[in-house]
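Q: Structure supplied as protein37.txt; contents: compact mmCIF, C-alpha atoms.
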```txt
# COMPACT_ATOMS: atom_id res chain seq x y z
CA MET A 168 142.22 219.47 101.02
CA GLU A 169 144.28 218.33 103.95
CA ASP A 170 142.92 215.70 106.26
CA ALA A 171 144.43 216.13 109.67
CA GLN A 172 141.68 216.04 112.23
CA SER A 173 144.04 215.19 115.06
CA GLN A 174 146.41 218.08 114.34
CA THR A 175 145.98 221.13 116.55
CA TYR A 176 145.62 224.29 114.48
CA ASP A 177 146.42 227.81 115.63
CA ILE A 178 143.14 229.14 114.28
CA THR A 179 140.00 227.33 113.27
CA ILE A 180 137.53 229.40 111.31
CA ILE A 181 133.92 228.34 111.58
CA GLY A 182 132.09 229.47 108.45
CA GLY A 183 133.61 229.71 104.96
CA GLY A 184 131.80 232.80 103.72
CA PRO A 185 133.53 235.98 102.53
CA VAL A 186 134.68 237.05 105.98
CA GLY A 187 135.85 233.53 106.86
CA LEU A 188 137.88 233.33 103.64
CA PHE A 189 139.54 236.69 104.23
CA THR A 190 140.23 235.64 107.84
CA ALA A 191 141.95 232.51 106.48
CA PHE A 192 144.16 234.58 104.19
CA TYR A 193 145.03 237.03 106.91
CA ALA A 194 145.82 234.34 109.48
CA GLY A 195 148.07 232.67 106.93
CA MET A 196 149.85 235.96 106.39
CA ARG A 197 150.49 236.10 110.11
CA GLN A 198 152.05 232.64 109.85
CA LEU A 199 149.33 230.85 111.76
CA SER A 200 148.13 227.39 110.81
CA VAL A 201 144.51 227.58 109.67
CA LYS A 202 141.56 225.29 109.22
CA ILE A 203 138.15 226.31 107.86
CA ILE A 204 135.06 224.30 108.82
CA GLU A 205 132.03 224.88 106.58
CA SER A 206 128.58 223.28 106.86
CA LEU A 207 127.87 223.34 103.11
CA PRO A 208 129.78 221.17 100.64
CA HIS A 209 131.27 224.35 99.12
CA LEU A 210 132.86 227.61 100.31
CA GLY A 211 131.42 231.08 99.74
CA GLY A 212 128.62 231.32 102.29
CA GLN A 213 125.52 233.36 101.46
CA LEU A 214 127.20 234.77 98.36
CA SER A 215 127.46 231.36 96.71
CA ALA A 216 124.37 229.80 98.28
CA LEU A 217 121.83 232.60 97.89
CA TYR A 218 122.89 235.13 95.28
CA PRO A 219 125.96 234.07 93.24
CA GLU A 220 124.83 236.11 90.21
CA LYS A 221 123.97 239.32 92.06
CA TYR A 222 126.26 242.35 91.85
CA ILE A 223 127.71 243.85 95.01
CA TYR A 224 128.62 247.54 94.90
CA ASP A 225 130.04 248.24 98.37
CA ILE A 226 133.29 246.28 98.46
CA ALA A 227 136.27 248.63 98.71
CA GLY A 228 138.20 248.73 95.46
CA PHE A 229 135.49 247.00 93.41
CA PRO A 230 133.08 249.44 91.69
CA LYS A 231 130.90 246.39 91.15
CA VAL A 232 131.56 242.71 91.54
CA LYS A 233 129.44 239.59 91.03
CA ALA A 234 129.03 237.71 94.31
CA GLN A 235 130.56 234.47 92.99
CA ASP A 236 133.46 236.37 91.40
CA LEU A 237 134.22 237.93 94.77
CA VAL A 238 134.21 234.46 96.33
CA ASP A 239 136.58 233.18 93.63
CA GLN A 240 138.96 236.07 94.30
CA LEU A 241 138.80 235.45 98.06
CA LEU A 242 139.54 231.75 97.48
CA GLU A 243 142.58 232.62 95.39
CA GLN A 244 143.75 234.95 98.13
CA ALA A 245 143.12 232.45 100.94
CA ASN A 246 144.86 229.66 99.00
CA TYR A 247 148.10 231.64 99.12
CA PHE A 248 148.65 229.83 102.42
CA ASN A 249 146.82 226.54 101.74
CA PRO A 250 144.43 226.44 104.68
CA ALA A 251 142.98 223.07 105.63
CA VAL A 252 139.30 222.91 104.69
CA SER A 253 136.62 220.64 106.11
CA LEU A 254 133.44 220.84 104.05
CA GLY A 255 129.99 219.50 104.87
CA GLU A 256 130.68 219.62 108.60
CA GLN A 257 128.61 221.44 111.15
CA VAL A 258 130.27 222.15 114.49
CA GLU A 259 128.06 220.74 117.22
CA THR A 260 130.07 221.24 120.40
CA LEU A 261 132.92 223.52 121.42
CA VAL A 262 134.70 222.89 124.72
CA LYS A 263 137.90 224.28 126.18
CA GLN A 264 140.03 221.47 127.57
CA GLU A 265 142.20 221.69 130.69
CA ASP A 266 145.29 222.28 128.53
CA ASP A 267 143.52 225.34 126.98
CA ILE A 268 143.21 223.56 123.63
CA ILE A 269 139.71 223.91 122.23
CA LYS A 270 138.01 220.71 121.13
CA MET A 271 135.18 220.88 118.64
CA THR A 272 133.03 218.02 117.47
CA THR A 273 131.17 217.94 114.19
CA ASN A 274 128.92 215.45 112.47
CA GLU A 275 132.17 213.92 111.13
CA GLY A 276 134.50 213.87 114.13
CA ALA A 277 136.71 215.96 116.41
CA HIS A 278 138.87 219.02 115.62
CA TYR A 279 141.48 220.66 117.88
CA THR A 280 142.58 224.27 117.87
CA ARG A 281 144.26 226.95 119.99
CA THR A 282 141.81 229.66 118.95
CA VAL A 283 138.52 229.89 117.08
CA ILE A 284 137.23 232.69 114.91
CA LEU A 285 133.50 232.48 114.30
CA THR A 286 132.58 233.87 110.90
CA ALA A 287 129.34 231.98 110.54
CA GLY A 288 127.14 234.86 109.34
CA ASN A 289 123.63 233.91 110.28
CA GLY A 290 124.57 230.39 111.28
CA ALA A 291 125.05 227.15 109.45
CA PHE A 292 123.23 226.58 106.19
CA SER A 293 121.30 223.39 105.68
CA PRO A 294 119.23 222.35 102.69
CA ARG A 295 115.49 222.94 102.91
CA LYS A 296 114.12 219.44 103.26
CA LEU A 297 111.29 217.69 101.49
CA LYS A 298 108.27 218.08 103.74
CA LEU A 299 106.87 214.59 103.34
CA ASP A 300 106.29 211.91 105.96
CA ASP A 301 109.16 209.44 106.08
CA ALA A 302 111.31 211.46 103.62
CA GLU A 303 114.06 211.46 106.25
CA LYS A 304 114.43 207.69 106.28
CA TYR A 305 115.56 207.74 102.64
CA GLU A 306 118.35 210.28 103.26
CA GLY A 307 120.88 207.51 103.76
CA THR A 308 119.96 205.75 100.53
CA ASN A 309 118.64 207.49 97.42
CA LEU A 310 117.20 210.83 98.55
CA HIS A 311 119.81 213.54 97.94
CA TYR A 312 120.01 217.23 98.81
CA PHE A 313 123.38 217.80 97.14
CA VAL A 314 125.01 216.47 94.02
CA ASP A 315 128.68 215.98 94.77
CA ASP A 316 129.58 213.06 92.55
CA LEU A 317 127.79 212.91 89.21
CA SER A 318 129.08 209.41 88.46
CA LYS A 319 126.80 208.02 91.19
CA PHE A 320 123.90 208.68 88.84
CA LYS A 321 125.34 206.88 85.82
CA ASP A 322 122.58 205.01 83.96
CA LYS A 323 120.08 205.85 86.71
CA ASN A 324 116.52 207.08 86.48
CA VAL A 325 116.73 210.39 88.36
CA LEU A 326 113.90 212.63 89.53
CA LEU A 327 114.76 216.21 90.52
CA PHE A 328 112.54 218.58 92.49
CA GLY A 329 113.06 222.35 92.28
CA GLY A 330 112.96 225.18 89.79
CA GLY A 331 115.94 227.39 90.59
CA ASP A 332 119.39 227.64 89.04
CA SER A 333 120.84 224.70 90.95
CA ALA A 334 117.98 222.34 90.09
CA VAL A 335 118.13 223.25 86.40
CA ASP A 336 121.94 223.11 86.27
CA TRP A 337 121.99 219.72 87.96
CA ALA A 338 119.36 218.39 85.56
CA LEU A 339 121.47 219.54 82.61
CA MET A 340 124.66 218.07 84.06
CA LEU A 341 122.96 214.74 84.71
CA GLU A 342 121.30 214.45 81.31
CA PRO A 343 124.31 212.93 79.50
CA ILE A 344 125.18 210.67 82.46
CA ALA A 345 121.87 209.34 83.76
CA ASP A 346 119.60 206.99 81.87
CA LYS A 347 116.63 209.29 82.35
CA VAL A 348 116.22 212.69 84.04
CA THR A 349 112.89 214.14 85.14
CA ILE A 350 112.52 217.58 86.69
CA ALA A 351 109.35 218.46 88.59
CA HIS A 352 108.56 222.03 89.64
CA ARG A 353 105.62 223.65 91.42
CA ARG A 354 105.04 226.24 88.70
CA ASP A 355 105.42 226.33 84.92
CA LYS A 356 108.12 228.97 85.02
CA PHE A 357 111.66 228.07 86.11
CA ARG A 358 113.57 230.64 88.11
CA ALA A 359 116.91 230.06 86.47
CA HIS A 360 119.16 231.64 83.87
CA GLU A 361 117.27 232.17 80.63
CA HIS A 362 119.99 230.32 78.77
CA SER A 363 119.82 227.29 81.09
CA VAL A 364 116.03 227.18 80.87
CA GLU A 365 116.26 227.26 77.07
CA GLN A 366 118.76 224.38 77.20
CA LEU A 367 116.40 222.50 79.50
CA PHE A 368 113.48 222.78 77.10
CA ASN A 369 115.70 221.71 74.20
CA SER A 370 117.02 218.69 76.08
CA SER A 371 115.71 215.15 76.49
CA ILE A 372 114.90 215.92 80.13
CA ASN A 373 111.35 215.03 81.07
CA ILE A 374 109.75 218.24 82.42
CA LYS A 375 106.79 217.91 84.78
CA THR A 376 105.17 221.26 85.65
CA PRO A 377 103.28 222.39 87.62
CA TYR A 378 103.76 219.44 89.93
CA THR A 379 104.67 219.06 93.60
CA PRO A 380 105.88 216.00 95.53
CA GLU A 381 103.00 214.15 97.18
CA ARG A 382 104.33 210.81 98.44
CA LEU A 383 107.39 208.55 98.32
CA ILE A 384 107.01 204.80 98.02
CA GLY A 385 109.88 202.54 98.97
CA ASP A 386 111.49 200.23 101.49
CA GLU A 387 114.76 200.00 103.43
CA ASP A 388 116.70 199.92 100.14
CA GLY A 389 115.33 203.33 99.21
CA ILE A 390 112.66 205.11 97.24
CA GLN A 391 111.21 203.10 94.35
CA GLN A 392 108.43 205.39 93.22
CA ALA A 393 107.50 209.02 93.72
CA VAL A 394 103.96 210.29 93.44
CA ILE A 395 103.67 213.85 92.19
CA GLN A 396 100.55 215.97 92.21
CA HIS A 397 99.37 218.74 89.88
CA SER A 398 99.68 222.09 91.70
CA LYS A 399 96.27 223.32 90.59
CA ASN A 400 94.34 220.07 90.40
CA GLU A 401 94.95 217.84 93.40
CA SER A 402 93.25 214.81 91.90
CA GLU A 403 95.71 214.70 89.01
CA LYS A 404 98.57 212.49 90.17
CA LEU A 405 101.47 210.77 88.46
CA THR A 406 103.47 207.86 89.81
CA LEU A 407 107.07 207.80 88.62
CA ASP A 408 109.57 204.95 88.93
CA VAL A 409 112.87 206.28 90.27
CA ASP A 410 116.38 205.12 91.13
CA ASP A 411 117.31 208.42 92.79
CA VAL A 412 115.51 211.55 93.96
CA ILE A 413 117.34 214.88 94.20
CA VAL A 414 115.74 217.82 96.00
CA ASN A 415 116.84 221.42 95.55
CA PHE A 416 114.58 223.74 97.50
CA GLY A 417 117.28 226.18 98.62
CA PHE A 418 118.74 226.65 102.08
CA LEU A 419 117.82 227.47 105.65
CA SER A 420 120.24 229.05 108.09
CA SER A 421 120.25 229.02 111.87
CA LEU A 422 122.70 229.40 114.76
CA GLY A 423 121.65 225.92 115.92
CA PRO A 424 124.03 224.24 118.37
CA MET A 425 126.18 227.40 118.69
CA LYS A 426 123.62 228.67 121.19
CA GLU A 427 124.71 225.96 123.64
CA TRP A 428 128.41 226.81 123.78
CA GLY A 429 128.18 229.37 126.58
CA LEU A 430 128.67 232.39 124.31
CA ASP A 431 127.06 235.72 125.13
CA ILE A 432 124.36 235.88 122.45
CA ARG A 433 122.09 238.87 121.88
CA LYS A 434 119.41 238.84 119.20
CA ASN A 435 121.03 235.92 117.38
CA SER A 436 124.44 237.64 117.32
CA ILE A 437 127.55 236.97 119.40
CA VAL A 438 128.73 239.82 121.60
CA VAL A 439 132.41 240.82 121.14
CA ASN A 440 134.67 243.55 122.50
CA SER A 441 136.89 245.87 120.46
CA LYS A 442 139.41 243.00 120.03
CA MET A 443 136.63 240.85 118.53
CA GLU A 444 136.94 238.58 121.58
CA THR A 445 133.84 236.77 122.78
CA ASN A 446 133.25 236.02 126.45
CA ILE A 447 135.20 232.74 125.99
CA PRO A 448 138.97 233.47 125.95
CA GLY A 449 140.49 232.29 122.67
CA VAL A 450 137.18 232.44 120.83
CA TYR A 451 136.71 235.42 118.52
CA ALA A 452 133.96 236.43 116.11
CA ALA A 453 133.88 238.61 112.98
CA GLY A 454 131.37 239.54 110.31
CA ASP A 455 127.59 239.36 110.50
CA ILE A 456 127.60 236.90 113.39
CA CYS A 457 129.19 239.35 115.86
CA THR A 458 127.69 242.38 117.50
CA TYR A 459 128.94 245.37 119.52
CA ASP A 460 127.80 248.92 120.05
CA GLY A 461 127.57 250.55 116.62
CA LYS A 462 127.90 247.29 114.68
CA VAL A 463 127.02 247.47 110.98
CA LYS A 464 126.35 244.19 109.17
CA LEU A 465 128.15 244.45 105.85
CA ILE A 466 130.82 242.42 104.09
CA ALA A 467 132.90 245.60 104.11
CA THR A 468 132.88 245.84 107.92
CA GLY A 469 133.48 242.09 108.28
CA PHE A 470 136.62 242.48 106.18
CA GLY A 471 137.84 245.01 108.74
CA GLU A 472 136.93 242.88 111.75
CA ALA A 473 138.81 239.85 110.40
CA PRO A 474 142.35 241.27 110.82
CA THR A 475 141.43 242.63 114.24
CA ALA A 476 140.34 239.15 115.33
CA VAL A 477 143.39 237.43 113.78
CA ASN A 478 145.96 239.85 115.19
CA ASN A 479 144.48 239.58 118.66
CA ALA A 480 144.26 235.79 118.37
CA LYS A 481 147.95 235.78 117.36
CA SER A 482 148.91 237.67 120.50
CA TYR A 483 146.68 235.35 122.57
CA ILE A 484 148.58 232.33 121.20
CA ASP A 485 151.95 234.02 121.47
CA PRO A 486 151.89 236.90 123.97
CA LYS A 487 155.26 238.09 122.64
CA ALA A 488 153.80 238.63 119.16
CA LYS A 489 152.76 242.13 118.27
CA VAL A 490 149.08 242.85 117.72
CA GLN A 491 149.96 245.46 115.13
CA PRO A 492 151.31 243.54 112.13
CA LEU A 493 153.78 244.53 109.45
CA HIS A 494 152.26 245.85 106.26
CA SER A 495 151.57 243.22 103.61
CA THR A 496 153.64 245.26 101.14
CA SER A 497 156.74 244.45 103.18
CA ILE A 498 155.78 240.84 104.04
CA PHE A 499 155.37 239.78 100.40
CA ALA A 500 158.25 241.87 99.09
CA MET B 712 92.13 232.28 96.78
CA ALA B 713 93.66 235.60 97.73
CA LYS B 714 97.08 235.61 99.37
CA TYR B 715 98.41 237.96 102.02
CA THR B 716 102.02 238.43 103.03
CA MET B 717 104.26 240.08 105.58
CA VAL B 718 107.88 239.70 106.71
CA ASP B 719 108.81 238.72 110.26
CA LYS B 720 111.52 241.29 110.92
CA ASP B 721 112.64 239.54 114.10
CA THR B 722 113.98 236.64 112.08
CA CYS B 723 114.84 238.39 108.75
CA ILE B 724 118.59 238.48 108.14
CA ALA B 725 118.47 241.11 105.37
CA CYS B 726 119.96 238.74 102.80
CA GLY B 727 117.98 240.30 99.95
CA ALA B 728 116.75 237.05 98.43
CA CYS B 729 113.04 237.99 98.50
CA GLY B 730 113.54 241.37 96.84
CA ALA B 731 115.59 239.72 94.11
CA THR B 732 112.89 237.09 93.57
CA ALA B 733 109.82 239.32 93.84
CA PRO B 734 110.86 242.96 93.52
CA GLU B 735 107.24 244.10 93.12
CA LEU B 736 106.37 242.60 96.50
CA PHE B 737 109.36 243.07 98.79
CA GLY B 738 111.56 246.04 99.58
CA TYR B 739 113.81 246.95 102.49
CA ASP B 740 113.67 249.27 105.46
CA ASP B 741 116.45 251.54 106.79
CA GLU B 742 118.20 248.57 108.39
CA GLY B 743 118.05 246.50 105.23
CA LEU B 744 115.40 244.20 106.66
CA ALA B 745 112.78 243.06 104.19
CA GLU B 746 109.20 244.26 104.21
CA ALA B 747 106.08 243.74 102.15
CA LEU B 748 105.65 246.79 99.94
CA LEU B 749 101.93 246.46 99.35
CA ASP B 750 100.62 247.49 102.76
CA ASN B 751 103.63 248.64 104.75
CA ASN B 752 104.29 245.07 105.92
CA GLN B 753 100.87 244.70 107.53
CA GLY B 754 99.71 241.72 105.48
CA THR B 755 96.21 243.15 105.18
CA GLU B 756 95.97 243.71 101.42
CA ALA B 757 95.60 240.86 98.98
CA VAL B 758 98.53 240.25 96.65
CA GLU B 759 97.71 240.67 92.95
CA GLU B 760 96.98 237.30 91.43
CA ASP B 761 99.68 237.73 88.78
CA LEU B 762 102.26 237.98 91.54
CA GLU B 763 101.17 234.98 93.60
CA GLU B 764 103.66 232.61 91.98
CA ASP B 765 106.49 235.06 92.65
CA LEU B 766 105.29 235.32 96.23
CA LEU B 767 105.53 231.55 96.69
CA ASP B 768 109.00 231.55 95.14
CA ALA B 769 110.08 234.27 97.58
CA GLU B 770 108.55 232.37 100.50
CA GLU B 771 110.43 229.22 99.48
CA GLY B 772 113.67 231.09 98.86
CA CYS B 773 113.79 232.79 102.26
CA PRO B 774 116.60 231.14 104.28
CA THR B 775 115.00 231.95 107.63
CA GLU B 776 111.34 231.31 106.76
CA SER B 777 110.60 234.93 107.61
CA ILE B 778 108.17 235.51 104.74
CA LYS B 779 104.74 234.75 106.05
CA VAL B 780 101.99 233.89 103.58
CA SER B 781 98.34 233.35 104.44
CA ASP B 782 95.00 232.92 102.71
CA GLU B 783 93.52 235.34 105.26
CA PRO B 784 94.57 238.92 106.03
CA PHE B 785 97.00 239.09 108.97
CA PRO B 786 95.57 240.70 112.10
CA SER B 787 96.24 244.42 111.77
CA THR B 788 98.84 245.81 114.13
CA VAL B 789 98.12 249.43 113.25
CA GLU B 790 95.28 251.30 114.95
CA ALA B 791 92.64 252.24 112.40
```
Would you put the structure from the file into structure tokens?

A:
Amino acid sequence: MEDAQSQTYDITIIGGGPVGLFTAFYAGMRQLSVKIIESLPHLGGQLSALYPEKYIYDIAGFPKVKAQDLVDQLLEQANYFNPAVSLGEQVETLVKQEDDIIKMTTNEGAHYTRTVILTAGNGAFSPRKLKLDDAEKYEGTNLHYFVDDLSKFKDKNVLLFGGGDSAVDWALMLEPIADKVTIAHRRDKFRAHEHSVEQLFNSSINIKTPYTPERLIGDEDGIQQAVIQHSKNESEKLTLDVDDVIVNFGFLSSLGPMKEWGLDIRKNSIVVNSKMETNIPGVYAAGDICTYDGKVKLIATGFGEAPTAVNNAKSYIDPKAKVQPLHSTSIFA
Amino acid sequence: MAKYTMVDKDTCIACGACGATAPELFGYDDEGLAEALLDNNQGTEAVEEDLEEDLLDAEEGCPTESIKVSDEPFPSTVEA
């Protein structure tokens, strides 16, 4: 991952889902410098976040392909040209400067680019938060919605909330590292791979079901205790000492700040013309986030819109460049 | 307590998460948008008790909070 926030890229792709990844490859093939900005800490969009294990049957050339496998293939393809990648950043503002360079600000800082291709699907993903009073104040200390660095939890007493694949996988990964791992879930049944659930029940992980979070007790240094409540019997409560709390309740997506950028938005989609241009010159859109007469929201159509957007962006940056590219068979030969 | 459900199609993004989580409860219309199978997405018929846990999982898994769940039937939008 390249860190060059001050560098001005030819194309910045907002949204690292399947269409964003193919856009990155294609822009690289057209010798444009590329940066991808993604709100989640990983690439792959909906495919990785919502249904990594589901099969997709309508990708050209793949009779059937598992969503995560498709992402892995797209990553390999995009990495042909080593795009810069900024993960865990949500673009908050997008403004065209007097010199025609577009400045974007995220929760982390500023990014500069000649053109933007929006491939943000249904908007930025954010984790579904714990709906408890004052949960937010612990976000800077020991309440976590992602596990990026397992070593942070070494010898800690960790409480996990959630019952899906990620929650179970994280619990299993933490078991050998943490001092103690507890997983609490609203129902007795975990919605995760049978094999992982079997591993969970055979592990030393403390399983609390059916329990839901009721209250967090702590101070400015973080949460010290969590009170959990039996799902079916509200008077049955347990108070657990904790060093860290990890919540995995899935994701929410929304267009969010994108609505304030002056784009023509209809029904939560961005209007584009046949060049995939939005109403802001230099800003393009492809995939589920864009709309036009006859638009069909499929990965397959997004894969077609990506080269249209890139080739037109190329000719916007360099009016002498041809919109119609050479065939890849001759470029890579 | 009985549970009732319907999908808000204005906010549904057709991601397919609910149908994968609770295939007995949620299907899709011609546009791929989700709908409650039980009562043609009216939310007027109680969900079978055996499926209530799946319903809550689907509600929690929906990335746009489009799956509506209530302890009361939703007001009918279809003329009787």

Q: Please identify all polymer residues within 12 Å of B:Thr775, counting only C-alpha atoms, omitting same-chain residues fewer than 6 positions from it, and present them as an MDAnalysis selection string.

A: (chainID A and resid 217 289:295 417:422) or (chainID B and resid 718:729 745 769)

Q: Taking (112.3, 243.4, 94.9) as a centre in this file's frame and 12 Å as the limit, can you find every polymer residue with an atom that close, using all atoms listed in the file, and give them as an MDAnalysis selection string?

A: chainID B and resid 726:739 745:749 762 765:766 769

Q: With C-alpha atoms retained, could you export that selection as a PDB file, in the frame of the given file?

A:
```
ATOM      1  CA  CYS B 726     119.960 238.740 102.800  1.00  0.00           C
ATOM      2  CA  GLY B 727     117.980 240.300  99.950  1.00  0.00           C
ATOM      3  CA  ALA B 728     116.750 237.050  98.430  1.00  0.00           C
ATOM      4  CA  CYS B 729     113.040 237.990  98.500  1.00  0.00           C
ATOM      5  CA  GLY B 730     113.540 241.370  96.840  1.00  0.00           C
ATOM      6  CA  ALA B 731     115.590 239.720  94.110  1.00  0.00           C
ATOM      7  CA  THR B 732     112.890 237.090  93.570  1.00  0.00           C
ATOM      8  CA  ALA B 733     109.820 239.320  93.840  1.00  0.00           C
ATOM      9  CA  PRO B 734     110.860 242.960  93.520  1.00  0.00           C
ATOM     10  CA  GLU B 735     107.240 244.100  93.120  1.00  0.00           C
ATOM     11  CA  LEU B 736     106.370 242.600  96.500  1.00  0.00           C
ATOM     12  CA  PHE B 737     109.360 243.070  98.790  1.00  0.00           C
ATOM     13  CA  GLY B 738     111.560 246.040  99.580  1.00  0.00           C
ATOM     14  CA  TYR B 739     113.810 246.950 102.490  1.00  0.00           C
ATOM     15  CA  ALA B 745     112.780 243.060 104.190  1.00  0.00           C
ATOM     16  CA  GLU B 746     109.200 244.260 104.210  1.00  0.00           C
ATOM     17  CA  ALA B 747     106.080 243.740 102.150  1.00  0.00           C
ATOM     18  CA  LEU B 748     105.650 246.790  99.940  1.00  0.00           C
ATOM     19  CA  LEU B 749     101.930 246.460  99.350  1.00  0.00           C
ATOM     20  CA  LEU B 762     102.260 237.980  91.540  1.00  0.00           C
ATOM     21  CA  ASP B 765     106.490 235.060  92.650  1.00  0.00           C
ATOM     22  CA  LEU B 766     105.290 235.320  96.230  1.00  0.00           C
ATOM     23  CA  ALA B 769     110.080 234.270  97.580  1.00  0.00           C
TER      24      ALA B 769
END
```

Q: So the first atom is atom CA of A:Thr458 and the second is atom CA of A:Val439; what is the distance between them in Å, to one decimal place?

A: 6.2 Å

Q: In terms of the shortest atom-to-atom distance over only C-alpha atoms, which of A:Met271, A:Leu407, A:Ile344, A:Ile466 is closest to chain B?

A: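 Among A:Met271, A:Leu407, A:Ile344, A:Ile466, it is A:Ile466 that comes nearest to chain B.
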
Q: Just the number, please: distance in Å from atom CA of A:Thr179 to atom CA of A:Lys489, one decimal.

A: 20.2 Å

Q: Produce a table with one row for each residue of chain A that has an atom at most 12 Å from any atom of chain B, each row naming the nearest atom pair and its distance in Å at one decimal; use all atoms listed in the file; arrange rows by chain and rising residue number; format as a Markdown table.

A:
```
| residue | atom | partner | partner_atom | distance |
| --- | --- | --- | --- | --- |
| A:Gly212 | CA | B:Cys726 | CA | 11.4 |
| A:Gln213 | CA | B:Cys726 | CA | 7.9 |
| A:Leu214 | CA | B:Cys726 | CA | 9.4 |
| A:Ala216 | CA | B:Pro774 | CA | 9.9 |
| A:Leu217 | CA | B:Ala728 | CA | 6.8 |
| A:Tyr218 | CA | B:Ala728 | CA | 7.2 |
| A:Pro219 | CA | B:Ala728 | CA | 11.0 |
| A:Glu220 | CA | B:Ala731 | CA | 10.7 |
| A:Lys221 | CA | B:Ala731 | CA | 8.6 |
| A:Tyr222 | CA | B:Ala731 | CA | 11.2 |
| A:Ile223 | CA | B:Gly727 | CA | 11.5 |
| A:Gly288 | CA | B:Ile724 | CA | 9.4 |
| A:Asn289 | CA | B:Ile724 | CA | 7.1 |
| A:Gly290 | CA | B:Thr775 | CA | 10.4 |
| A:Ala291 | CA | B:Pro774 | CA | 10.7 |
| A:Phe292 | CA | B:Pro774 | CA | 8.3 |
| A:Ser293 | CA | B:Pro774 | CA | 9.2 |
| A:Pro294 | CA | B:Pro774 | CA | 9.3 |
| A:Arg295 | CA | B:Pro774 | CA | 8.4 |
| A:Lys296 | CA | B:Glu771 | CA | 11.1 |
| A:Leu297 | CA | B:Glu771 | CA | 11.7 |
| A:Gly329 | CA | B:Glu771 | CA | 10.3 |
| A:Gly330 | CA | B:Asp768 | CA | 9.2 |
| A:Gly331 | CA | B:Asp768 | CA | 9.3 |
| A:Asp332 | CA | B:Gly772 | CA | 11.9 |
| A:His352 | CA | B:Asp768 | CA | 11.0 |
| A:Arg353 | CA | B:Glu764 | CA | 9.2 |
| A:Arg354 | CA | B:Glu764 | CA | 7.3 |
| A:Asp355 | CA | B:Glu764 | CA | 9.6 |
| A:Lys356 | CA | B:Glu764 | CA | 9.0 |
| A:Phe357 | CA | B:Asp768 | CA | 10.0 |
| A:Arg358 | CA | B:Asp768 | CA | 8.4 |
| A:Ala359 | CA | B:Thr732 | CA | 10.8 |
| A:Pro377 | CA | B:Glu764 | CA | 11.1 |
| A:Ser398 | CA | B:Glu764 | CA | 11.3 |
| A:Lys399 | CA | B:Met712 | CA | 11.7 |
| A:Asn415 | CA | B:Gly772 | CA | 10.7 |
| A:Phe416 | CA | B:Glu771 | CA | 7.2 |
| A:Gly417 | CA | B:Gly772 | CA | 6.1 |
| A:Phe418 | CA | B:Pro774 | CA | 5.4 |
| A:Leu419 | CA | B:Pro774 | CA | 4.1 |
| A:Ser420 | CA | B:Pro774 | CA | 5.7 |
| A:Ser421 | CA | B:Thr775 | CA | 7.4 |
| A:Leu422 | CA | B:Thr775 | CA | 10.8 |
| A:Lys434 | CA | B:Asp721 | CA | 8.5 |
| A:Asn435 | CA | B:Thr722 | CA | 8.8 |
| A:Ser436 | CA | B:Ile724 | CA | 10.9 |
| A:Asp455 | CA | B:Ile724 | CA | 9.3 |
| A:Ile456 | CA | B:Ile724 | CA | 10.5 |
| A:Lys462 | CA | B:Glu742 | CA | 11.6 |
| A:Val463 | CA | B:Glu742 | CA | 9.3 |
| A:Lys464 | CA | B:Ala725 | CA | 9.3 |
| A:Leu465 | CA | B:Ala725 | CA | 10.3 |
| A:Ile466 | CA | B:Cys726 | CA | 11.5 |
```

Q: Work out how far apart atom CA of B:Asp750 and atom CA of B:Asp782 are and give it in Å to one decimal.

A: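 Distance reported for this atom pair: 15.6 Å.
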
Q: Excluding A:His278 and residues on its chain fewer than 5 positions from it, collect all residues at most 12 Å away from it, counting all atoms listed in the file, and give them as a ChimeraX atom specification.

A: /A:170-181,201-204,251-253,256-263,268-273,283

Q: Taking only C-alpha atoms into account, which of A:Ser363, A:Ser370, A:Ser497, A:Thr379 comes nearest A:Ala351?

A: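 Ranked by minimum distance to A:Ala351, first place goes to A:Thr379.
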
Q: Taking the point (142.4, 233.2, 103.5) as given in the file, collect each protein or nucleic acid residue that comes within 8 Å of it, counting all atoms listed in the file, and present the set as a count of residues only.

A: 17

Q: Restricting the calculation to all atoms listed in the file, which member of A:Val238, A:Leu326, A:Ile350, A:Ala473 is positioned closest to A:Leu383?

A: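 Closest candidate: A:Leu326.
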
Q: Restricting the calculation to only C-alpha atoms, which member of B:Thr755, B:Glu770, B:Met717, B:Leu744 is positioned closest to B:Glu783?

A: B:Thr755

Q: Tell me, as a CSV table (one decimal) with C-alpha atoms, keeping the file's coordinate frame, which residues lie within 8 Å of stretch 310-321 of chain A, counting all atoms listed in the file; anything in the same chain fewer than 3 positions away does not count.

A:
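Output file out_1.csv follows:
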```
chain,number,residue,atom,x,y,z
A,208,PRO,CA,129.8,221.2,100.6
A,294,PRO,CA,119.2,222.4,102.7
A,296,LYS,CA,114.1,219.4,103.3
A,302,ALA,CA,111.3,211.5,103.6
A,305,TYR,CA,115.6,207.7,102.6
A,306,GLU,CA,118.4,210.3,103.3
A,307,GLY,CA,120.9,207.5,103.8
A,324,ASN,CA,116.5,207.1,86.5
A,325,VAL,CA,116.7,210.4,88.4
A,337,TRP,CA,122.0,219.7,88.0
A,340,MET,CA,124.7,218.1,84.1
A,341,LEU,CA,123.0,214.7,84.7
A,344,ILE,CA,125.2,210.7,82.5
A,345,ALA,CA,121.9,209.3,83.8
A,346,ASP,CA,119.6,207.0,81.9
A,389,GLY,CA,115.3,203.3,99.2
A,390,ILE,CA,112.7,205.1,97.2
A,411,ASP,CA,117.3,208.4,92.8
A,412,VAL,CA,115.5,211.6,94.0
A,413,ILE,CA,117.3,214.9,94.2
A,414,VAL,CA,115.7,217.8,96.0
A,415,ASN,CA,116.8,221.4,95.6
```
